[in-house]
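**Student:** Below you'll find the structure I mean.
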Amino acid sequence: LASQRIDREAMDFLLPYVRRQPRSFPGWVAILRVLERSSRQDLYREQLIHTAAVASDFGRHREALQWLREAEELSTEAGVTADLRRIYRLYALHYESLKQPYRAALYLRLAIAAAREADDNTELRTLLPVYAYHLVKNFPERADAARAFCYVLDARGARLSAEATRGGLAMELRQYERADTAFTDALGLRIEEPERRARYLFFRAAARFEREELEASLKDLEESLKLRPDYHDAQNLLAYALAVKGADLERGLEYARTAVAANPTNGHYQDSQG
């Protein structure tokens, strides 16, 4: 009883502190240690997962893996499959940060399999593009397999996500004609969010710029900035494209200065400003 009273007092002190400073890693670890001694295994399991997630921001990847292993055992015993999916995603995140892409790929596949078993389309629409990018980034020879995941997205009724992912993969592989086609197809679909449309216009503009279709690229960038005037990547590329064209240089320089002011450490922005 005395131990339980001490634990309650510790929680009463720690919770307000951590809520005021939600990114306080020591605070979350302290709560974890208190819950470890309690009888509430469900709260302890949740705290293990949450602390492992927060650990990513502090580079504490190996500690996070230990907490995830314990959370995985508890979730398996309790039959909480939703927690297991979260755990697999976090495993992949930490192994990617530790530069262990094979293990990261393994856990992404486990997360995808669990989402399929639960018939969770929302989760699959998130995981499949992540896995596709992971393959292209770490295993370029598996680009065809990555594209196959885009077609799975199509089958799950997420054509917009599929087209955008195809375009992103093509840009990663420097296949700019394919990227242009994919983003054109995406832009032909219904896009309700102006920021999302602005982003796809920017990516198509980038593909067209690489293909030396300067006028088409400039047109896309102008339209992108109408939808999202503070889109600094679009401002930067527009400034660079105008410099290449040798036209409207003052306006281009103003865009470049705006982009650099928003992100002064970005080398690409600084190059455009000259």
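Letters for chains follow the order of the structure tokens (A, B, ...), residue numbers begin at 1 for each chain, and ligand numbers begin at 1 in the order shown.
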Would you kindly return, as a VMD selection string, each protein, DNA or RNA residue with an atom no farther than 12 Å from any atom of Phe202 of chain A, considering only C-alpha atoms and excluding same-chain residues fewer than 6 positions away?
**Tutor:** chain A and resid 164 167 to 168 179 to 180 183 to 184 187 195 to 196 208 to 209 216 to 228 231 to 238
**Student:** Can I get the selection written as an mmCIF file, in the first residue's frame, with C-alpha atoms?
**Tutor:**
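So the final result, stored in selection-v5.cif, reads:
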data_model
loop_
_atom_site.group_PDB
_atom_site.id
_atom_site.type_symbol
_atom_site.label_atom_id
_atom_site.label_comp_id
_atom_site.auth_asym_id
_atom_site.auth_seq_id
_atom_site.Cartn_x
_atom_site.Cartn_y
_atom_site.Cartn_z
ATOM 1 C CA ALA A 164 1.364 10.738 -56.410
ATOM 2 C CA GLY A 167 5.382 10.332 -59.423
ATOM 3 C CA GLY A 168 7.532 10.536 -56.303
ATOM 4 C CA ALA A 179 7.018 11.611 -63.099
ATOM 5 C CA ASP A 180 5.387 14.183 -65.389
ATOM 6 C CA PHE A 183 1.555 13.964 -61.537
ATOM 7 C CA THR A 184 -0.514 14.942 -64.580
ATOM 8 C CA LEU A 187 -3.868 16.526 -61.070
ATOM 9 C CA GLU A 195 -2.078 22.793 -50.619
ATOM 10 C CA ARG A 196 -2.027 19.264 -51.987
ATOM 11 C CA ARG A 208 9.298 19.449 -66.549
ATOM 12 C CA PHE A 209 12.223 21.682 -65.618
ATOM 13 C CA ALA A 216 5.430 24.460 -68.955
ATOM 14 C CA SER A 217 7.433 24.371 -65.740
ATOM 15 C CA LEU A 218 6.992 28.122 -65.171
ATOM 16 C CA LYS A 219 3.244 27.851 -65.769
ATOM 17 C CA ASP A 220 2.917 25.096 -63.144
ATOM 18 C CA LEU A 221 4.976 27.081 -60.638
ATOM 19 C CA GLU A 222 2.869 30.210 -61.104
ATOM 20 C CA GLU A 223 -0.300 28.182 -60.544
ATOM 21 C CA SER A 224 1.216 26.469 -57.507
ATOM 22 C CA LEU A 225 2.051 29.810 -55.915
ATOM 23 C CA LYS A 226 -1.451 31.139 -56.552
ATOM 24 C CA LEU A 227 -2.771 28.258 -54.463
ATOM 25 C CA ARG A 228 -0.057 28.542 -51.816
ATOM 26 C CA TYR A 231 5.384 27.713 -50.801
ATOM 27 C CA HIS A 232 9.130 28.326 -50.535
ATOM 28 C CA ASP A 233 10.221 25.358 -52.673
ATOM 29 C CA ALA A 234 8.077 26.697 -55.517
ATOM 30 C CA GLN A 235 9.414 30.227 -54.979
ATOM 31 C CA ASN A 236 12.971 28.915 -55.161
ATOM 32 C CA LEU A 237 12.434 26.855 -58.309
ATOM 33 C CA LEU A 238 10.574 29.727 -59.987
#
**Student:** DSSP says alpha helix (DSSP H) for which residues of segment 94-251 of chain A? Put them as a VMD selection string?
**Tutor:** chain A and resid 94 to 97 101 to 117 121 to 138 143 to 155 159 to 172 176 to 187 194 to 210 214 to 227 232 to 245 249 to 251
**Student:** Just want the 8 Å neighbourhood of Leu127 of chain A, counted on only C-alpha atoms, with same-chain residues fewer than 6 positions away dropped. Output as a ChimeraX atom specification.
**Tutor:** /A:108,111-112
**Student:** Please tabulate, as a tab-separated table, the residues of segment 117-236 of chain A that come within 12 Å of segment 78-90 of chain A, each with its closest pair of atoms and the distance in Å to one decimal, counting only C-alpha atoms and ordering rows by chain, then residue number upward.
**Tutor:**
residue	atom	partner	partner_atom	distance
A:Glu117	CA	A:Thr81	CA	9.7
A:Ala118	CA	A:Thr81	CA	8.4
A:Asp119	CA	A:Ala82	CA	11.7
A:Asp120	CA	A:Ala82	CA	10.1
A:Glu123	CA	A:Arg85	CA	9.2
A:Leu124	CA	A:Arg85	CA	10.9
A:Thr126	CA	A:Arg89	CA	10.8
A:Leu127	CA	A:Arg89	CA	8.6
A:Leu128	CA	A:Arg89	CA	11.8
A:Val130	CA	A:Arg89	CA	10.1
A:Tyr131	CA	A:Arg89	CA	10.5
**Student:** Just want the 10 Å neighbourhood of Asp42 of chain A, counted on only C-alpha atoms, with same-chain residues fewer than 3 positions away dropped. Output as an MDAnalysis selection string.
**Tutor:** chainID A and resid 35 39 45:48 71 74:75 78 80
**Student:** Closest to Ala205 of chain A among A:Asp248, A:Glu141, A:Glu177, A:Glu70, using only C-alpha atoms?
**Tutor:**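 Ranked by minimum distance to Ala205 of chain A, first place goes to A:Glu177.
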